[in-house]
$ cat input-v4.pdb   # PDB, C-alpha atoms
ATOM      1  CA  MET W   1     -72.618 -79.751 137.863
ATOM      2  CA  ASP W   2     -71.968 -77.046 135.293
ATOM      3  CA  ASP W   3     -68.970 -74.808 136.078
ATOM      4  CA  ILE W   4     -71.077 -71.639 135.870
ATOM      5  CA  ILE W   5     -73.784 -72.939 138.186
ATOM      6  CA  VAL W   6     -71.214 -74.112 140.740
ATOM      7  CA  ALA W   7     -69.357 -70.781 140.612
ATOM      8  CA  GLN W   8     -72.572 -68.800 141.077
ATOM      9  CA  LYS W   9     -73.533 -70.947 144.062
ATOM     10  CA  ILE W  10     -70.073 -70.564 145.616
ATOM     11  CA  VAL W  11     -70.137 -66.776 145.292
ATOM     12  CA  GLY W  12     -73.735 -66.706 146.525
ATOM     13  CA  ASN W  13     -72.831 -68.891 149.527
ATOM     14  CA  THR W  14     -75.322 -71.629 148.659
ATOM     15  CA  TYR W  15     -72.673 -74.254 147.862
ATOM     16  CA  SER W  16     -69.424 -75.090 149.646
ATOM     17  CA  ASN W  17     -66.338 -76.125 147.717
ATOM     18  CA  ILE W  18     -64.401 -76.725 150.931
ATOM     19  CA  SER W  19     -63.891 -80.479 151.047
ATOM     20  CA  ASN W  20     -63.036 -82.665 154.017
ATOM     21  CA  LYS W  21     -61.776 -85.377 151.695
ATOM     22  CA  ALA W  22     -59.213 -83.550 149.562
ATOM     23  CA  MET W  23     -57.601 -80.125 149.639
ATOM     24  CA  PHE W  24     -57.574 -79.997 145.837
ATOM     25  CA  HIS W  25     -60.447 -81.166 143.645
ATOM     26  CA  GLU W  26     -62.310 -80.109 140.500
ATOM     27  CA  TYR W  27     -63.976 -77.114 142.172
ATOM     28  CA  SER W  28     -61.261 -76.131 144.634
ATOM     29  CA  SER W  29     -60.413 -72.455 145.137
ATOM     30  CA  VAL W  30     -57.989 -70.667 142.820
ATOM     31  CA  TYR W  31     -54.873 -68.857 144.024
ATOM     32  CA  LYS W  32     -55.070 -65.123 143.296
ATOM     33  CA  SER W  33     -51.302 -64.914 142.937
ATOM     34  CA  SER W  34     -48.398 -67.274 143.287
ATOM     35  CA  ASN W  35     -47.099 -67.663 146.827
ATOM     36  CA  GLU W  36     -43.770 -68.953 145.504
ATOM     37  CA  MET W  37     -40.596 -66.907 145.199
ATOM     38  CA  LEU W  38     -40.678 -67.092 141.423
ATOM     39  CA  SER W  39     -37.824 -64.609 141.027
ATOM     40  CA  LYS W  40     -35.551 -67.276 142.517
ATOM     41  CA  ILE W  41     -36.302 -69.790 139.755
ATOM     42  CA  ASN W  42     -36.219 -67.268 136.927
ATOM     43  CA  LYS W  43     -32.736 -68.282 135.761
ATOM     44  CA  TYR W  44     -33.880 -71.897 135.324
ATOM     45  CA  THR W  45     -36.785 -70.944 133.062
ATOM     46  CA  LYS W  46     -35.226 -68.568 130.529
ATOM     47  CA  GLU W  47     -35.444 -69.378 126.829
ATOM     48  CA  LYS W  48     -37.538 -72.519 127.351
ATOM     49  CA  LYS W  49     -39.733 -72.686 124.260
ATOM     50  CA  ASP W  50     -41.927 -75.675 125.105
ATOM     51  CA  ILE W  51     -43.227 -75.920 128.658
ATOM     52  CA  LEU W  52     -45.619 -78.026 130.717
ATOM     53  CA  THR W  53     -46.717 -76.286 133.902
ATOM     54  CA  VAL W  54     -49.369 -76.227 136.577
ATOM     55  CA  THR W  55     -51.926 -73.471 135.895
ATOM     56  CA  ALA W  56     -52.502 -72.326 139.512
ATOM     57  CA  SER W  57     -52.813 -68.513 139.678
ATOM     58  CA  GLY W  58     -51.469 -68.079 136.144
ATOM     59  CA  ASP W  59     -48.483 -66.063 137.372
ATOM     60  CA  GLN W  60     -45.979 -68.792 136.493
ATOM     61  CA  ILE W  61     -47.292 -68.844 132.936
ATOM     62  CA  LEU W  62     -47.071 -65.069 132.553
ATOM     63  CA  ASN W  63     -43.470 -65.118 133.766
ATOM     64  CA  PHE W  64     -42.601 -67.936 131.362
ATOM     65  CA  ILE W  65     -44.029 -65.976 128.423
ATOM     66  CA  CYS W  66     -41.824 -63.024 129.402
ATOM     67  CA  ASN W  67     -38.849 -65.391 129.308
ATOM     68  CA  GLY W  68     -39.560 -66.448 125.734
ATOM     69  CA  THR W  69     -41.872 -69.450 125.983
ATOM     70  CA  ILE W  70     -44.058 -69.918 122.903
ATOM     71  CA  ASN W  71     -45.807 -73.259 123.541
ATOM     72  CA  ILE W  72     -47.438 -73.943 126.895
ATOM     73  CA  ASP W  73     -49.341 -77.017 128.015
ATOM     74  CA  THR W  74     -50.912 -76.198 131.363
ATOM     75  CA  PHE W  75     -52.896 -78.352 133.773
ATOM     76  CA  ASP W  76     -54.809 -77.969 137.006
ATOM     77  CA  ILE W  77     -57.223 -80.170 138.902
ATOM     78  CA  SER W  78     -59.435 -77.139 139.596
ATOM     79  CA  ARG W  79     -61.768 -76.297 136.742
ATOM     80  CA  PHE W  80     -61.723 -72.625 137.767
ATOM     81  CA  ALA W  81     -57.977 -72.092 137.218
ATOM     82  CA  SER W  82     -58.149 -71.791 133.424
ATOM     83  CA  TYR W  83     -60.952 -69.194 133.607
ATOM     84  CA  PHE W  84     -58.780 -67.086 135.889
ATOM     85  CA  LEU W  85     -55.750 -67.470 133.612
ATOM     86  CA  PHE W  86     -57.731 -66.191 130.618
ATOM     87  CA  LEU W  87     -59.056 -63.309 132.720
ATOM     88  CA  LYS W  88     -55.477 -62.265 133.537
ATOM     89  CA  LEU W  89     -54.377 -62.583 129.901
ATOM     90  CA  ALA W  90     -57.272 -60.408 128.714
ATOM     91  CA  ALA W  91     -56.594 -57.894 131.487
ATOM     92  CA  ILE W  92     -52.954 -57.503 130.467
ATOM     93  CA  LYS W  93     -54.006 -56.737 126.890
ATOM     94  CA  ASN W  94     -56.437 -54.009 127.989
ATOM     95  CA  LEU W  95     -55.298 -52.542 131.314
ATOM     96  CA  THR W  96     -52.240 -50.594 132.350
ATOM     97  CA  LYS W  97     -49.939 -52.260 134.862
ATOM     98  CA  ASP W  98     -51.309 -50.102 137.669
ATOM     99  CA  GLU W  99     -54.892 -50.917 136.684
ATOM    100  CA  TYR W 100     -54.035 -54.616 136.523
ATOM    101  CA  ILE W 101     -52.550 -54.558 140.024
ATOM    102  CA  GLU W 102     -55.537 -52.624 141.312
ATOM    103  CA  PHE W 103     -58.034 -55.022 139.732
ATOM    104  CA  PHE W 104     -56.388 -58.257 140.871
ATOM    105  CA  PHE W 105     -54.703 -57.349 144.125
ATOM    106  CA  GLU W 106     -56.445 -54.298 145.597
ATOM    107  CA  ALA W 107     -60.118 -54.966 144.821
ATOM    108  CA  ILE W 108     -60.370 -57.105 147.935
ATOM    109  CA  PHE W 109     -60.573 -54.001 150.122
ATOM    110  CA  THR W 110     -63.571 -52.107 148.795
ATOM    111  CA  TYR W 111     -66.766 -52.089 146.751
ATOM    112  CA  ASP W 112     -66.288 -49.883 143.704
ATOM    113  CA  GLU W 113     -68.065 -49.926 140.356
ATOM    114  CA  LYS W 114     -64.801 -49.094 138.629
ATOM    115  CA  TYR W 115     -63.810 -52.762 138.927
ATOM    116  CA  ASP W 116     -66.902 -53.781 136.989
ATOM    117  CA  ASP W 117     -65.991 -51.136 134.398
ATOM    118  CA  MET W 118     -62.515 -52.653 134.157
ATOM    119  CA  TYR W 119     -64.030 -56.066 133.520
ATOM    120  CA  TYR W 120     -66.243 -54.790 130.714
ATOM    121  CA  THR W 121     -63.156 -53.177 129.182
ATOM    122  CA  LEU W 122     -61.212 -56.436 129.064
ATOM    123  CA  ARG W 123     -63.989 -58.978 128.371
ATOM    124  CA  LYS W 124     -63.775 -58.488 124.587
ATOM    125  CA  ASP W 125     -60.479 -60.417 124.620
ATOM    126  CA  LEU W 126     -61.844 -63.433 126.494
ATOM    127  CA  ASN W 127     -62.596 -66.597 124.559
ATOM    128  CA  LYS W 128     -66.296 -67.564 124.487
ATOM    129  CA  LYS W 129     -66.090 -70.102 127.297
ATOM    130  CA  ALA W 130     -64.263 -67.725 129.647
ATOM    131  CA  LYS W 131     -66.524 -64.800 128.661
ATOM    132  CA  ASP W 132     -69.663 -66.828 129.425
ATOM    133  CA  PHE W 133     -68.199 -67.855 132.781
ATOM    134  CA  TRP W 134     -67.247 -64.374 133.983
ATOM    135  CA  ASP W 135     -70.320 -62.689 132.475
ATOM    136  CA  SER W 136     -72.501 -65.090 134.459
ATOM    137  CA  LEU W 137     -70.870 -63.864 137.668
ATOM    138  CA  PHE W 138     -70.695 -60.140 136.872
ATOM    139  CA  ASP W 139     -74.387 -60.219 135.881
ATOM    140  CA  TYR W 140     -75.306 -61.007 139.488
ATOM    141  CA  PHE W 141     -72.368 -60.008 141.688
ATOM    142  CA  ASP W 142     -69.843 -57.207 142.153
ATOM    143  CA  TRP W 143     -66.145 -57.968 141.716
ATOM    144  CA  TYR W 144     -65.703 -57.449 145.459
ATOM    145  CA  ASP W 145     -68.161 -60.283 146.180
ATOM    146  CA  ILE W 146     -66.621 -62.560 143.566
ATOM    147  CA  TYR W 147     -63.046 -61.931 144.650
ATOM    148  CA  ASN W 148     -63.768 -62.377 148.344
ATOM    149  CA  SER W 149     -65.725 -65.603 147.883
ATOM    150  CA  TYR W 150     -64.409 -69.153 148.180
ATOM    151  CA  LEU W 151     -63.980 -69.147 144.436
ATOM    152  CA  PHE W 152     -60.533 -67.867 145.445
ATOM    153  CA  SER W 153     -58.068 -68.992 148.060
ATOM    154  CA  SER W 154     -57.637 -66.829 151.142
ATOM    155  CA  ASP W 155     -53.881 -67.482 151.027
ATOM    156  CA  GLU W 156     -52.784 -64.019 149.932
ATOM    157  CA  LYS W 157     -49.459 -62.255 149.562
ATOM    158  CA  SER W 158     -48.736 -58.549 149.857
ATOM    159  CA  ILE W 159     -48.651 -56.430 146.722
ATOM    160  CA  GLY W 160     -44.986 -55.752 147.438
ATOM    161  CA  PHE W 161     -44.213 -59.474 147.411
ATOM    162  CA  ILE W 162     -46.236 -60.021 144.239
ATOM    163  CA  GLU W 163     -44.485 -57.213 142.339
ATOM    164  CA  LYS W 164     -41.058 -58.332 143.506
ATOM    165  CA  GLU W 165     -41.475 -62.003 142.611
ATOM    166  CA  ASN W 166     -43.128 -61.646 139.185
ATOM    167  CA  ILE W 167     -40.973 -60.361 136.353
ATOM    168  CA  TYR W 168     -44.062 -59.764 134.202
ATOM    169  CA  LEU W 169     -45.032 -56.936 136.570
ATOM    170  CA  LYS W 170     -41.945 -54.916 135.729
ATOM    171  CA  GLU W 171     -43.184 -52.001 133.623
ATOM    172  CA  LYS W 172     -41.050 -52.843 130.585
ATOM    173  CA  ASN W 173     -41.963 -56.542 130.682
ATOM    174  CA  TYR W 174     -45.659 -55.844 131.207
ATOM    175  CA  ASN W 175     -45.850 -53.623 128.136
ATOM    176  CA  LYS W 176     -43.913 -56.179 126.101
ATOM    177  CA  LEU W 177     -46.238 -58.919 127.301
ATOM    178  CA  LYS W 178     -49.229 -57.150 125.734
ATOM    179  CA  ASP W 179     -47.836 -57.962 122.292
ATOM    180  CA  MET W 180     -46.475 -61.408 123.165
ATOM    181  CA  ILE W 181     -49.688 -63.017 124.428
ATOM    182  CA  ASP W 182     -51.260 -63.539 120.991
ATOM    183  CA  LYS W 183     -48.082 -65.238 119.757
ATOM    184  CA  VAL W 184     -48.190 -67.955 122.426
ATOM    185  CA  ASN W 185     -49.955 -71.277 121.982
ATOM    186  CA  ILE W 186     -51.656 -72.324 125.244
ATOM    187  CA  ASN W 187     -53.292 -75.725 125.687
ATOM    188  CA  ILE W 188     -55.459 -76.270 128.782
ATOM    189  CA  TYR W 189     -55.871 -79.603 130.561
ATOM    190  CA  ASN W 190     -58.232 -80.151 133.472
ATOM    191  CA  SER W 191     -56.318 -82.904 135.196
ATOM    192  CA  ASP W 192     -54.227 -83.854 138.177
ATOM    193  CA  ILE W 193     -50.581 -84.663 137.668
ATOM    194  CA  PHE W 194     -51.096 -88.421 137.523
ATOM    195  CA  THR W 195     -53.644 -88.430 134.708
ATOM    196  CA  LEU W 196     -51.587 -86.629 132.054
ATOM    197  CA  GLU W 197     -50.765 -89.758 130.052
ATOM    198  CA  GLU W 198     -51.665 -88.088 126.753
ATOM    199  CA  LEU W 199     -48.794 -85.626 127.296
ATOM    200  CA  TYR W 200     -46.075 -88.205 127.962
ATOM    201  CA  LYS W 201     -45.230 -88.300 124.242
ATOM    202  CA  ASN W 202     -44.759 -84.507 124.035
ATOM    203  CA  LYS W 203     -41.218 -83.177 124.351
ATOM    204  CA  TYR W 204     -40.577 -80.318 126.742
ATOM    205  CA  ASP W 205     -37.702 -77.973 127.506
ATOM    206  CA  LEU W 206     -39.150 -77.448 130.976
ATOM    207  CA  ILE W 207     -41.793 -79.009 133.198
ATOM    208  CA  TYR W 208     -42.698 -76.914 136.225
ATOM    209  CA  LEU W 209     -44.593 -78.821 138.918
ATOM    210  CA  SER W 210     -44.665 -76.157 141.608
ATOM    211  CA  ASN W 211     -44.939 -77.747 145.082
ATOM    212  CA  ILE W 212     -47.380 -80.510 144.119
ATOM    213  CA  ILE W 213     -45.038 -83.011 145.776
ATOM    214  CA  ASN W 214     -46.236 -81.793 149.185
ATOM    215  CA  TYR W 215     -49.754 -83.105 148.500
ATOM    216  CA  VAL W 216     -49.111 -86.472 146.852
ATOM    217  CA  ASP W 217     -47.368 -89.767 147.514
ATOM    218  CA  LYS W 218     -43.628 -89.045 147.256
ATOM    219  CA  ILE W 219     -42.675 -92.453 145.812
ATOM    220  CA  LYS W 220     -45.381 -92.229 143.184
ATOM    221  CA  TYR W 221     -44.218 -88.697 142.347
ATOM    222  CA  ARG W 222     -40.610 -89.836 141.876
ATOM    223  CA  LYS W 223     -41.696 -92.617 139.489
ATOM    224  CA  LEU W 224     -43.800 -90.163 137.537
ATOM    225  CA  LEU W 225     -40.888 -87.839 136.702
ATOM    226  CA  SER W 226     -39.161 -90.479 134.558
ATOM    227  CA  LYS W 227     -42.303 -90.930 132.429
ATOM    228  CA  PHE W 228     -42.155 -87.443 130.944
ATOM    229  CA  ASN W 229     -40.390 -86.864 127.648
ATOM    230  CA  LEU W 230     -37.740 -84.165 127.966
ATOM    231  CA  LYS W 231     -35.711 -82.570 125.207
ATOM    232  CA  GLU W 232     -31.934 -82.604 125.393
ATOM    233  CA  ASN W 233     -31.024 -80.551 128.483
ATOM    234  CA  GLY W 234     -34.706 -80.439 129.423
ATOM    235  CA  THR W 235     -35.516 -80.299 133.125
ATOM    236  CA  ILE W 236     -38.335 -80.804 135.602
ATOM    237  CA  LEU W 237     -38.478 -78.317 138.477
ATOM    238  CA  THR W 238     -40.091 -79.003 141.849
ATOM    239  CA  TYR W 239     -40.507 -76.136 144.302
ATOM    240  CA  PHE W 240     -40.172 -76.570 148.068
ATOM    241  CA  PHE W 241     -41.110 -73.948 150.638
ATOM    242  CA  ASP W 242     -39.060 -76.068 153.022
ATOM    243  CA  ILE W 243     -37.648 -79.571 152.860
ATOM    244  CA  ASN W 244     -36.606 -82.215 155.352
ATOM    245  CA  GLU W 245     -33.858 -84.795 155.048
ATOM    246  CA  ASN W 246     -36.322 -87.673 154.695
ATOM    247  CA  ILE W 247     -37.572 -86.234 151.430
ATOM    248  CA  LYS W 248     -34.046 -85.531 150.202
ATOM    249  CA  LYS W 249     -33.144 -89.182 150.757
ATOM    250  CA  LEU W 250     -35.734 -90.179 148.163
ATOM    251  CA  PHE W 251     -33.866 -88.223 145.481
ATOM    252  CA  LEU W 252     -30.211 -89.181 145.841
ATOM    253  CA  GLU W 253     -29.524 -90.301 142.261
ATOM    254  CA  GLU W 254     -27.524 -88.108 139.910
ATOM    255  CA  ASN W 255     -30.715 -87.184 138.058
ATOM    256  CA  TYR W 256     -31.631 -84.866 140.946
ATOM    257  CA  LYS W 257     -30.007 -81.687 142.161
ATOM    258  CA  PHE W 258     -31.194 -79.353 144.921
ATOM    259  CA  TYR W 259     -30.576 -75.621 144.842
ATOM    260  CA  SER W 260     -31.009 -73.361 147.860
ATOM    261  CA  PHE W 261     -31.994 -69.704 147.802
ATOM    262  CA  LYS W 262     -30.406 -66.988 149.881
ATOM    263  CA  ASP W 263     -32.291 -65.745 152.954
ATOM    264  CA  THR W 264     -35.101 -68.294 152.688
ATOM    265  CA  THR W 265     -35.824 -71.951 153.437
ATOM    266  CA  ALA W 266     -37.216 -72.390 149.912
ATOM    267  CA  LYS W 267     -35.431 -74.708 147.479
ATOM    268  CA  VAL W 268     -35.881 -76.045 143.999
ATOM    269  CA  MET W 269     -35.196 -79.609 142.870
ATOM    270  CA  GLN W 270     -34.008 -80.019 139.310
ATOM    271  CA  TYR W 271     -34.531 -83.352 137.547
ATOM    272  CA  LYS W 272     -32.823 -84.374 134.328
ATOM    273  CA  ASN W 273     -33.499 -87.701 132.645
ATOM    274  CA  LYS W 274     -29.941 -88.920 132.064
TER     275      LYS W 274
END

$ encode --input "input-v4.pdb" --output "structure tokens"
Amino acid sequence: MDDIIVAQKIVGNTYSNISNKAMFHEYSSVYKSSNEMLSKINKYTKEKKDILTVTASGDQILNFICNGTINIDTFDISRFASYFLFLKLAAIKNLTKDEYIEFFFEAIFTYDEKYDDMYYTLRKDLNKKAKDFWDSLFDYFDWYDIYNSYLFSSDEKSIGFIEKENIYLKEKNYNKLKDMIDKVNINIYNSDIFTLEELYKNKYDLIYLSNIINYVDKIKYRKLLSKFNLKENGTILTYFFDINENIKKLFLEENYKFYSFKDTTAKVMQYKNK
């Protein structure tokens, strides 16, 4: 089905994108914000010019741009993720930081026409495909209805957590980001991690795979990492909310290093193709 028709049906509760077969699929819900402690991996992502990353909520991408990334290839199995990314990019260019936080993280609580007004302020900076998508929803629904539908994941974090973990939401960075967005080249791929063959020839300073490993075959995932083409000192980062020893035993070679974070069970695995 057409993305717009599916989205309208999801928001209107006439179509379910909740699947019994797979948690993630082409019309799966989009994360409103990252649920990862992105501040913990910030030091591993600075000054990486060419990056491949999962799209997800778009927060990872916005943080990477703040850290100096200029070329971003981004992928997600959900067809809705890229529309949400472009909505956030357009919002940053047109809204203050407080307005941005209100639009994306506070609108869940109340009906208010001001959110529709915010959308019509930012829509001029959407590309045609994203503008058609969001216009088709705002023509029939309020932002409250859209944002509280299964178009989005119900896995939400507090505003305090979101502001703490995203460097792009620091006032100075947010204002700087307004000017940086148009200087970044972003290529979108609607794909899962195992069907990115066309990108194997590209060279990257950093590949960020979030916590995809938790949802796929671990052996297949390990084999995949060696297929990517990294620049000298390039790395692939895998995020773990928690990790058991059985998984660690799969990554004992010198190519892999695990780093723990203070006061949390979260870890990051760094892969280098030596």

$ closest_residue --input "input-v4.pdb" --among "W:Thr45, W:Asn244, W:Asn13, W:Asn94" --to "Asp205 in chain W" --atoms "all atoms listed in the file"
W:Thr45

$ atom_distance --input "input-v4.pdb" --atom1 "CA of Tyr115 in chain W" --atom2 "CA of Gly12 in chain W"
18.7 Å

$ atom_distance --input "input-v4.pdb" --atom1 "CA of Phe261 in chain W" --atom2 "CA of Tyr221 in chain W"
23.2 Å

$ atom_distance --input "input-v4.pdb" --atom1 "CA of Asp117 in chain W" --atom2 "CA of Ile162 in chain W"
23.8 Å

$ closest_residue --input "input-v4.pdb" --among "W:Asp76, W:Asp59, W:Glu102, W:Glu36" --to "Asp192 in chain W" --atoms "all atoms listed in the file"
W:Asp76

$ resolve_selection --input "input-v4.pdb" --expression "the PyMOL selection byres ((chain W and resi 97) around 12)" --output "MDAnalysis selection string"
chainID W and resid 88 91:96 98:105 163 168:178

$ closest_residue --input "input-v4.pdb" --among "W:Tyr150, W:Phe194, W:Tyr271, W:Tyr83" --to "Tyr259 in chain W" --atoms "all atoms listed in the file"
W:Tyr271

$ closest_residue --input "input-v4.pdb" --among "W:Thr264, W:Thr53, W:Thr235, W:Ser82" --to "Asn127 in chain W" --atoms "only C-alpha atoms"
W:Ser82

$ resolve_selection --input "input-v4.pdb" --expression "the PyMOL selection byres ((chain W and resi 186) around 9)" --output "ChimeraX atom specification"
/W:70-74,184-185,187-188

$ closest_residue --input "input-v4.pdb" --among "W:Ser34, W:Ser39, W:Asn255, W:Ser29" --to "Arg79 in chain W" --atoms "all atoms listed in the file"
W:Ser29

$ resolve_selection --input "input-v4.pdb" --expression "the PyMOL selection byres ((chain W and resi 63) around 9)" --output "JSON, numbers by chain"
{"W": [38, 42, 45, 58, 59, 60, 61, 62, 64, 65, 66, 67, 166, 167, 168, 169]}

$ residues_around --input "input-v4.pdb" --residues "range 195-203 of chain W" --least-positions-apart "6" --cutoff "7 Å" --atoms "all atoms listed in the file" --output "PyMOL selection string"
chain W and resi 227-231

$ closest_residue --input "input-v4.pdb" --among "W:Ile159, W:Ile77, W:Leu151, W:Leu122" --to "Ser33 in chain W" --atoms "all atoms listed in the file"
W:Ile159

$ residues_near_point --input "input-v4.pdb" --point "(-62.2, -67.8, 143.8)" --cutoff "8 Å" --atoms "all atoms listed in the file" --output "list in words"
Ser29, Val30, Tyr31, Lys32, Phe80, Ile146, Tyr147, Asn148, Ser149, Tyr150, Leu151, Phe152 and Ser153 of chain W

$ residues_around --input "input-v4.pdb" --residues "Val268 in chain W" --least-positions-apart "6" --cutoff "8 Å" --atoms "only C-alpha atoms" --output "ChimeraX atom specification"
/W:41,237-240,258-260

$ residues_around --input "input-v4.pdb" --residues "Leu137 in chain W" --least-positions-apart "6" --cutoff "9 Å" --atoms "all atoms listed in the file" --output "PyMOL selection string"
chain W and resi 4+7-8+11+143+146

$ residues_around --input "input-v4.pdb" --residues "Lys272 in chain W" --least-positions-apart "3" --cutoff "9 Å" --atoms "only C-alpha atoms" --output "list of chain:residue names"
W:Ser226, W:Leu230, W:Asn233, W:Gly234, W:Thr235, W:Ile236, W:Glu254, W:Asn255, W:Tyr256, W:Lys257
